[in-house]
Amino acid sequence: MTRPPAAPAPADPPPAGNVPARPVPPRLRELDLLRFLAVGALVLHHFAGVRSTIWSGRDAQKIFPELAPVAHFGYLGVDLVFMISGFVILMAAWGRGVGDFAIARVVRLYPAYWFSVLLSLVLFLVFGSAVPYGDGDDPVQRFLPNFTMLQQGMHVAPLEVVYWALWVELHFYVLIALFAWVGITYGRCVTFMVSWLIVGAYAKEAGNDLMRAVFLPETAPFFIAGMAFFLVYRFGSNLALWLIIAASWALSVHYLVADIEPLNEWKGVHEIVIPVAVTVFYTIMALVASRKLSRLNWRGFTFLGAIAYPLFLMHETVARTIVKVFFPHPILDRLTILPVITVSVLVSAFVVHRFVERPLQSMMRPRLTSAMAQIRRNGAPPAPAAPDPPPDAPDAPADADTPEIRGATGVRHDAAQVPRASVP
């Protein structure tokens, strides 16, 4: 009597902490469009919805009463930017080492920012155009701290008001860099997001300045929601992720209403508009995460996303100078000056992106990559290139069983375990 054939051995379980990923396109143009619209809302807010630095102390709501009811709430565009950032930054950090992530962020942020700081100083020296912080304030003294992007941590006023948002973004980048150093996996992401929400609530309860500075309880829900939406986009729907998103939505609404700045306060109105606007933001991001907006794939959206950052940085700088020199003017009345400054800031953003940002990024990226490689070698010179094999030398055998990729850290990874990250 013969023995029956042995049952096949069960397949090995997937590696812990990893979930099969759905493909991610090279560019999510729907996010480019959303980023531009969010920055556009902020521009409209400063131009027509608030007493901003552009109009030399005059209230834009009184200059443009027709636009004021809508433009007033354009400041919420910054919160949408934070949510998009949570999505995009986690996508950019996935599968990367800390050094590569840091290089990508420095190359992305600093070229346009440096130009913006220089432009703000030059326009002050030439036209006297500067953010009015009060008598005795000297933008020249603020220039060097602002050039580092660390001015807020040094208790130095920013050359432009919008720079505060970059300081918030830097907090988030540091947390993600530490997370990347530990190693980003699906399970750790969930733990990280839940822990951040809870610790942020502790920081709020304790009133501890250090904890609040590190964990940003008021803005953390937007970053956390963006990260959760990315996990939904890449790995599919999960009840735990939607519960995190729901908690983030609730805290986002609460903090925006409870901690509203006096300049943005509108009694009896903001208590209704803010929850509605935040709900719309979360709904749109849910559609992105569910891949319902993937048809928004026009290449022009990539261009709009590219100029959104320099537009964010410089719209007040450029508009304030034009208003100071040409308004009021016999030709440029209140209805003419608005399209003039709008077109001017859009053209300026394009020029900076095309002729400043892109060339500097192309110059900085390989040099920073080379510098990081030297740091990883502890300062040692690069290894000499291996000589070319003779023409008749056989090729090295390939490992057919375990395909591998090598990250910039030189660590061997299983290609199935480390999905290739799409960099925005």
# chains A, B, ... in the order shown; residues from 1 in each chain; ligands from 1
$ residues_around --residues "range 50-67 of chain A" --least-positions-apart "6" --cutoff "9 Å" --atoms "only C-alpha atoms" --output "PyMOL selection string"
chain A and resi 44+130-132+161+263-264+316-324+334-335
$ write_last_selection --atoms "N, CA and C atoms" --output "PDB file, in the first residue's frame"
ATOM      1  N   LEU A  44      -7.060  85.118  -1.816  1.00  0.00           N
ATOM      2  CA  LEU A  44      -8.299  85.904  -1.818  1.00  0.00           C
ATOM      3  C   LEU A  44      -8.587  86.459  -0.427  1.00  0.00           C
ATOM      4  N   ALA A 130       7.067  96.809   3.756  1.00  0.00           N
ATOM      5  CA  ALA A 130       7.360  95.751   4.726  1.00  0.00           C
ATOM      6  C   ALA A 130       6.139  95.504   5.583  1.00  0.00           C
ATOM      7  N   VAL A 131       6.112  94.361   6.251  1.00  0.00           N
ATOM      8  CA  VAL A 131       5.028  94.056   7.185  1.00  0.00           C
ATOM      9  C   VAL A 131       5.135  95.024   8.363  1.00  0.00           C
ATOM     10  N   PRO A 132       4.100  95.783   8.660  1.00  0.00           N
ATOM     11  CA  PRO A 132       4.182  96.794   9.726  1.00  0.00           C
ATOM     12  C   PRO A 132       4.038  96.191  11.120  1.00  0.00           C
ATOM     13  N   VAL A 161       4.033  87.371   6.879  1.00  0.00           N
ATOM     14  CA  VAL A 161       3.169  86.736   7.867  1.00  0.00           C
ATOM     15  C   VAL A 161       2.992  85.243   7.582  1.00  0.00           C
ATOM     16  N   LEU A 263      -8.984  88.281  14.604  1.00  0.00           N
ATOM     17  CA  LEU A 263      -9.052  88.843  13.262  1.00  0.00           C
ATOM     18  C   LEU A 263      -9.985  88.049  12.357  1.00  0.00           C
ATOM     19  N   ASN A 264     -10.123  86.742  12.631  1.00  0.00           N
ATOM     20  CA  ASN A 264     -10.967  85.887  11.789  1.00  0.00           C
ATOM     21  C   ASN A 264     -12.349  85.630  12.391  1.00  0.00           C
ATOM     22  N   GLU A 316       1.718  88.259  -0.784  1.00  0.00           N
ATOM     23  CA  GLU A 316       1.632  89.495  -0.008  1.00  0.00           C
ATOM     24  C   GLU A 316       2.786  90.437  -0.322  1.00  0.00           C
ATOM     25  N   THR A 317       3.971  89.874  -0.525  1.00  0.00           N
ATOM     26  CA  THR A 317       5.152  90.698  -0.810  1.00  0.00           C
ATOM     27  C   THR A 317       4.947  91.530  -2.068  1.00  0.00           C
ATOM     28  N   VAL A 318       4.533  90.881  -3.150  1.00  0.00           N
ATOM     29  CA  VAL A 318       4.369  91.560  -4.436  1.00  0.00           C
ATOM     30  C   VAL A 318       3.179  92.513  -4.392  1.00  0.00           C
ATOM     31  N   ALA A 319       2.052  92.038  -3.882  1.00  0.00           N
ATOM     32  CA  ALA A 319       0.844  92.871  -3.876  1.00  0.00           C
ATOM     33  C   ALA A 319       1.021  94.095  -2.988  1.00  0.00           C
ATOM     34  N   ARG A 320       1.673  93.948  -1.858  1.00  0.00           N
ATOM     35  CA  ARG A 320       1.858  95.080  -0.942  1.00  0.00           C
ATOM     36  C   ARG A 320       2.664  96.199  -1.596  1.00  0.00           C
ATOM     37  N   THR A 321       3.689  95.842  -2.360  1.00  0.00           N
ATOM     38  CA  THR A 321       4.514  96.842  -3.026  1.00  0.00           C
ATOM     39  C   THR A 321       3.737  97.557  -4.126  1.00  0.00           C
ATOM     40  N   ILE A 322       2.963  96.794  -4.904  1.00  0.00           N
ATOM     41  CA  ILE A 322       2.166  97.415  -5.972  1.00  0.00           C
ATOM     42  C   ILE A 322       1.147  98.383  -5.388  1.00  0.00           C
ATOM     43  N   VAL A 323       0.491  97.978  -4.319  1.00  0.00           N
ATOM     44  CA  VAL A 323      -0.503  98.846  -3.678  1.00  0.00           C
ATOM     45  C   VAL A 323       0.167 100.099  -3.117  1.00  0.00           C
ATOM     46  N   LYS A 324       1.331  99.936  -2.508  1.00  0.00           N
ATOM     47  CA  LYS A 324       2.018 101.081  -1.908  1.00  0.00           C
ATOM     48  C   LYS A 324       2.410 102.112  -2.964  1.00  0.00           C
ATOM     49  N   ARG A 334     -10.308 100.803  -6.986  1.00  0.00           N
ATOM     50  CA  ARG A 334     -10.421  99.575  -6.201  1.00  0.00           C
ATOM     51  C   ARG A 334     -10.802  98.371  -7.044  1.00  0.00           C
ATOM     52  N   LEU A 335     -11.562  98.599  -8.134  1.00  0.00           N
ATOM     53  CA  LEU A 335     -11.971  97.475  -8.983  1.00  0.00           C
ATOM     54  C   LEU A 335     -10.905  97.104  -9.991  1.00  0.00           C
TER      55      LEU A 335
END
$ closest_atom_pairs --of "range 224-321 of chain A" --to "range 342-356 of chain A" --cutoff "6 Å" --atoms "only C-alpha atoms" --output "Markdown table"
| residue | atom | partner | partner_atom | distance |
| --- | --- | --- | --- | --- |
| A:Ile307 | CA | A:Ala349 | CA | 5.5 |
| A:Pro310 | CA | A:Ala349 | CA | 5.0 |
| A:Leu311 | CA | A:Ala349 | CA | 4.9 |
| A:His315 | CA | A:Val345 | CA | 5.3 |
$ closest_residue --among "A:Leu119, A:Leu90, A:Val81, A:Ala250" --to "Leu166 in chain A" --atoms "only C-alpha atoms"
A:Val81
$ select_by_dssp --residues "range 274-362 of chain A" --states "alpha helix (DSSP H)" --output "PyMOL selection string"
chain A and resi 274-289+299-326+334-352+358-362
$ atom_distance --atom1 "CA of Ala48 in chain A" --atom2 "CA of Ala220 in chain A"
28.5 Å
$ closest_residue --among "A:Ile284, A:Leu231, A:Val98, A:Val162" --to "Val182 in chain A" --atoms "only C-alpha atoms"
A:Val98
$ residues_around --residues "range 150-153 of chain A" --least-positions-apart "6" --cutoff "12 Å" --atoms "only C-alpha atoms" --output "PyMOL selection string"
chain A and resi 110+117+141-144+159-171+210+213-214
$ closest_residue --among "A:Trp196, A:Ala177, A:Leu243, A:Ala228" --to "Ile103 in chain A" --atoms "only C-alpha atoms"
A:Ala177
$ closest_residue --among "A:Leu34, A:Ala21, A:Ile244, A:Met83" --to "Phe222 in chain A" --atoms "only C-alpha atoms"
A:Met83
$ decode --residues "range 166-211 of chain A" --atoms "N, CA and C atoms" --output "PDB file, in the first residue's frame"
ATOM      1  N   LEU A 166       5.156  77.618   7.554  1.00  0.00           N
ATOM      2  CA  LEU A 166       6.347  76.809   7.277  1.00  0.00           C
ATOM      3  C   LEU A 166       6.939  76.270   8.574  1.00  0.00           C
ATOM      4  N   TRP A 167       6.876  77.058   9.636  1.00  0.00           N
ATOM      5  CA  TRP A 167       7.362  76.586  10.930  1.00  0.00           C
ATOM      6  C   TRP A 167       6.528  75.407  11.421  1.00  0.00           C
ATOM      7  N   VAL A 168       5.239  75.462  11.208  1.00  0.00           N
ATOM      8  CA  VAL A 168       4.376  74.334  11.565  1.00  0.00           C
ATOM      9  C   VAL A 168       4.744  73.110  10.720  1.00  0.00           C
ATOM     10  N   GLU A 169       4.951  73.313   9.421  1.00  0.00           N
ATOM     11  CA  GLU A 169       5.342  72.207   8.544  1.00  0.00           C
ATOM     12  C   GLU A 169       6.664  71.587   9.001  1.00  0.00           C
ATOM     13  N   LEU A 170       7.617  72.399   9.431  1.00  0.00           N
ATOM     14  CA  LEU A 170       8.908  71.863   9.880  1.00  0.00           C
ATOM     15  C   LEU A 170       8.737  70.967  11.102  1.00  0.00           C
ATOM     16  N   HIS A 171       7.819  71.315  11.992  1.00  0.00           N
ATOM     17  CA  HIS A 171       7.528  70.425  13.121  1.00  0.00           C
ATOM     18  C   HIS A 171       7.099  69.050  12.613  1.00  0.00           C
ATOM     19  N   PHE A 172       6.208  69.049  11.649  1.00  0.00           N
ATOM     20  CA  PHE A 172       5.701  67.793  11.099  1.00  0.00           C
ATOM     21  C   PHE A 172       6.821  67.010  10.414  1.00  0.00           C
ATOM     22  N   TYR A 173       7.685  67.695   9.678  1.00  0.00           N
ATOM     23  CA  TYR A 173       8.782  67.014   8.990  1.00  0.00           C
ATOM     24  C   TYR A 173       9.726  66.333   9.981  1.00  0.00           C
ATOM     25  N   VAL A 174       9.998  66.992  11.094  1.00  0.00           N
ATOM     26  CA  VAL A 174      10.888  66.396  12.090  1.00  0.00           C
ATOM     27  C   VAL A 174      10.266  65.125  12.658  1.00  0.00           C
ATOM     28  N   LEU A 175       8.980  65.161  12.962  1.00  0.00           N
ATOM     29  CA  LEU A 175       8.313  63.965  13.469  1.00  0.00           C
ATOM     30  C   LEU A 175       8.359  62.828  12.447  1.00  0.00           C
ATOM     31  N   ILE A 176       8.126  63.155  11.173  1.00  0.00           N
ATOM     32  CA  ILE A 176       8.167  62.123  10.135  1.00  0.00           C
ATOM     33  C   ILE A 176       9.590  61.609   9.942  1.00  0.00           C
ATOM     34  N   ALA A 177      10.592  62.485  10.044  1.00  0.00           N
ATOM     35  CA  ALA A 177      11.980  62.048   9.917  1.00  0.00           C
ATOM     36  C   ALA A 177      12.339  61.061  11.029  1.00  0.00           C
ATOM     37  N   LEU A 178      11.906  61.347  12.257  1.00  0.00           N
ATOM     38  CA  LEU A 178      12.141  60.405  13.352  1.00  0.00           C
ATOM     39  C   LEU A 178      11.409  59.087  13.102  1.00  0.00           C
ATOM     40  N   PHE A 179      10.211  59.188  12.560  1.00  0.00           N
ATOM     41  CA  PHE A 179       9.435  57.998  12.228  1.00  0.00           C
ATOM     42  C   PHE A 179      10.153  57.185  11.157  1.00  0.00           C
ATOM     43  N   ALA A 180      10.703  57.858  10.128  1.00  0.00           N
ATOM     44  CA  ALA A 180      11.434  57.159   9.076  1.00  0.00           C
ATOM     45  C   ALA A 180      12.692  56.500   9.629  1.00  0.00           C
ATOM     46  N   TRP A 181      13.317  57.127  10.619  1.00  0.00           N
ATOM     47  CA  TRP A 181      14.514  56.552  11.226  1.00  0.00           C
ATOM     48  C   TRP A 181      14.178  55.230  11.924  1.00  0.00           C
ATOM     49  N   VAL A 182      13.021  55.174  12.580  1.00  0.00           N
ATOM     50  CA  VAL A 182      12.586  53.932  13.219  1.00  0.00           C
ATOM     51  C   VAL A 182      12.195  52.898  12.169  1.00  0.00           C
ATOM     52  N   GLY A 183      11.550  53.364  11.083  1.00  0.00           N
ATOM     53  CA  GLY A 183      11.084  52.466  10.031  1.00  0.00           C
ATOM     54  C   GLY A 183       9.584  52.559   9.860  1.00  0.00           C
ATOM     55  N   ILE A 184       9.142  52.996   8.695  1.00  0.00           N
ATOM     56  CA  ILE A 184       7.724  53.219   8.457  1.00  0.00           C
ATOM     57  C   ILE A 184       7.080  51.939   7.931  1.00  0.00           C
ATOM     58  N   THR A 185       6.080  51.466   8.632  1.00  0.00           N
ATOM     59  CA  THR A 185       5.257  50.348   8.171  1.00  0.00           C
ATOM     60  C   THR A 185       3.794  50.722   8.394  1.00  0.00           C
ATOM     61  N   TYR A 186       2.921  49.932   7.835  1.00  0.00           N
ATOM     62  CA  TYR A 186       1.486  50.194   7.970  1.00  0.00           C
ATOM     63  C   TYR A 186       1.061  50.203   9.435  1.00  0.00           C
ATOM     64  N   GLY A 187       1.453  49.156  10.172  1.00  0.00           N
ATOM     65  CA  GLY A 187       1.057  49.062  11.573  1.00  0.00           C
ATOM     66  C   GLY A 187       1.618  50.196  12.413  1.00  0.00           C
ATOM     67  N   ARG A 188       2.878  50.552  12.157  1.00  0.00           N
ATOM     68  CA  ARG A 188       3.481  51.646  12.912  1.00  0.00           C
ATOM     69  C   ARG A 188       2.811  52.978  12.588  1.00  0.00           C
ATOM     70  N   CYS A 189       2.353  53.133  11.348  1.00  0.00           N
ATOM     71  CA  CYS A 189       1.633  54.356  10.993  1.00  0.00           C
ATOM     72  C   CYS A 189       0.372  54.517  11.833  1.00  0.00           C
ATOM     73  N   VAL A 190      -0.385  53.442  11.967  1.00  0.00           N
ATOM     74  CA  VAL A 190      -1.611  53.501  12.759  1.00  0.00           C
ATOM     75  C   VAL A 190      -1.275  53.837  14.211  1.00  0.00           C
ATOM     76  N   THR A 191      -0.256  53.172  14.754  1.00  0.00           N
ATOM     77  CA  THR A 191       0.160  53.464  16.133  1.00  0.00           C
ATOM     78  C   THR A 191       0.607  54.906  16.286  1.00  0.00           C
ATOM     79  N   PHE A 192       1.375  55.387  15.323  1.00  0.00           N
ATOM     80  CA  PHE A 192       1.881  56.762  15.347  1.00  0.00           C
ATOM     81  C   PHE A 192       0.733  57.767  15.343  1.00  0.00           C
ATOM     82  N   MET A 193      -0.245  57.562  14.476  1.00  0.00           N
ATOM     83  CA  MET A 193      -1.350  58.520  14.363  1.00  0.00           C
ATOM     84  C   MET A 193      -2.210  58.551  15.620  1.00  0.00           C
ATOM     85  N   VAL A 194      -2.553  57.368  16.136  1.00  0.00           N
ATOM     86  CA  VAL A 194      -3.373  57.310  17.354  1.00  0.00           C
ATOM     87  C   VAL A 194      -2.621  57.933  18.531  1.00  0.00           C
ATOM     88  N   SER A 195      -1.340  57.599  18.643  1.00  0.00           N
ATOM     89  CA  SER A 195      -0.542  58.144  19.746  1.00  0.00           C
ATOM     90  C   SER A 195      -0.438  59.658  19.645  1.00  0.00           C
ATOM     91  N   TRP A 196      -0.272  60.187  18.446  1.00  0.00           N
ATOM     92  CA  TRP A 196      -0.142  61.632  18.265  1.00  0.00           C
ATOM     93  C   TRP A 196      -1.438  62.348  18.669  1.00  0.00           C
ATOM     94  N   LEU A 197      -2.579  61.783  18.290  1.00  0.00           N
ATOM     95  CA  LEU A 197      -3.845  62.389  18.707  1.00  0.00           C
ATOM     96  C   LEU A 197      -3.975  62.419  20.229  1.00  0.00           C
ATOM     97  N   ILE A 198      -3.622  61.309  20.882  1.00  0.00           N
ATOM     98  CA  ILE A 198      -3.786  61.230  22.333  1.00  0.00           C
ATOM     99  C   ILE A 198      -2.787  62.132  23.047  1.00  0.00           C
ATOM    100  N   VAL A 199      -1.518  62.078  22.632  1.00  0.00           N
ATOM    101  CA  VAL A 199      -0.504  62.908  23.281  1.00  0.00           C
ATOM    102  C   VAL A 199      -0.796  64.388  23.046  1.00  0.00           C
ATOM    103  N   GLY A 200      -1.326  64.721  21.868  1.00  0.00           N
ATOM    104  CA  GLY A 200      -1.717  66.103  21.617  1.00  0.00           C
ATOM    105  C   GLY A 200      -2.790  66.569  22.588  1.00  0.00           C
ATOM    106  N   ALA A 201      -3.758  65.685  22.892  1.00  0.00           N
ATOM    107  CA  ALA A 201      -4.791  66.026  23.879  1.00  0.00           C
ATOM    108  C   ALA A 201      -4.188  66.191  25.266  1.00  0.00           C
ATOM    109  N   TYR A 202      -3.215  65.333  25.608  1.00  0.00           N
ATOM    110  CA  TYR A 202      -2.516  65.491  26.889  1.00  0.00           C
ATOM    111  C   TYR A 202      -1.802  66.837  26.962  1.00  0.00           C
ATOM    112  N   ALA A 203      -1.133  67.207  25.855  1.00  0.00           N
ATOM    113  CA  ALA A 203      -0.410  68.480  25.821  1.00  0.00           C
ATOM    114  C   ALA A 203      -1.364  69.651  26.005  1.00  0.00           C
ATOM    115  N   LYS A 204      -2.546  69.541  25.391  1.00  0.00           N
ATOM    116  CA  LYS A 204      -3.550  70.598  25.540  1.00  0.00           C
ATOM    117  C   LYS A 204      -4.043  70.660  26.978  1.00  0.00           C
ATOM    118  N   GLU A 205      -4.261  69.509  27.580  1.00  0.00           N
ATOM    119  CA  GLU A 205      -4.752  69.473  28.952  1.00  0.00           C
ATOM    120  C   GLU A 205      -3.719  70.032  29.927  1.00  0.00           C
ATOM    121  N   ALA A 206      -2.452  69.649  29.739  1.00  0.00           N
ATOM    122  CA  ALA A 206      -1.404  70.064  30.665  1.00  0.00           C
ATOM    123  C   ALA A 206      -1.037  71.525  30.506  1.00  0.00           C
ATOM    124  N   GLY A 207      -1.275  72.066  29.307  1.00  0.00           N
ATOM    125  CA  GLY A 207      -0.864  73.439  29.072  1.00  0.00           C
ATOM    126  C   GLY A 207       0.639  73.602  29.056  1.00  0.00           C
ATOM    127  N   ASN A 208       1.362  72.510  28.801  1.00  0.00           N
ATOM    128  CA  ASN A 208       2.819  72.541  28.779  1.00  0.00           C
ATOM    129  C   ASN A 208       3.302  73.112  27.449  1.00  0.00           C
ATOM    130  N   ASP A 209       4.082  74.180  27.509  1.00  0.00           N
ATOM    131  CA  ASP A 209       4.518  74.848  26.282  1.00  0.00           C
ATOM    132  C   ASP A 209       5.400  73.945  25.432  1.00  0.00           C
ATOM    133  N   LEU A 210       6.285  73.175  26.070  1.00  0.00           N
ATOM    134  CA  LEU A 210       7.178  72.302  25.305  1.00  0.00           C
ATOM    135  C   LEU A 210       6.390  71.234  24.571  1.00  0.00           C
ATOM    136  N   MET A 211       5.464  70.589  25.260  1.00  0.00           N
ATOM    137  CA  MET A 211       4.667  69.547  24.620  1.00  0.00           C
ATOM    138  C   MET A 211       3.805  70.125  23.503  1.00  0.00           C
TER     139      MET A 211
END
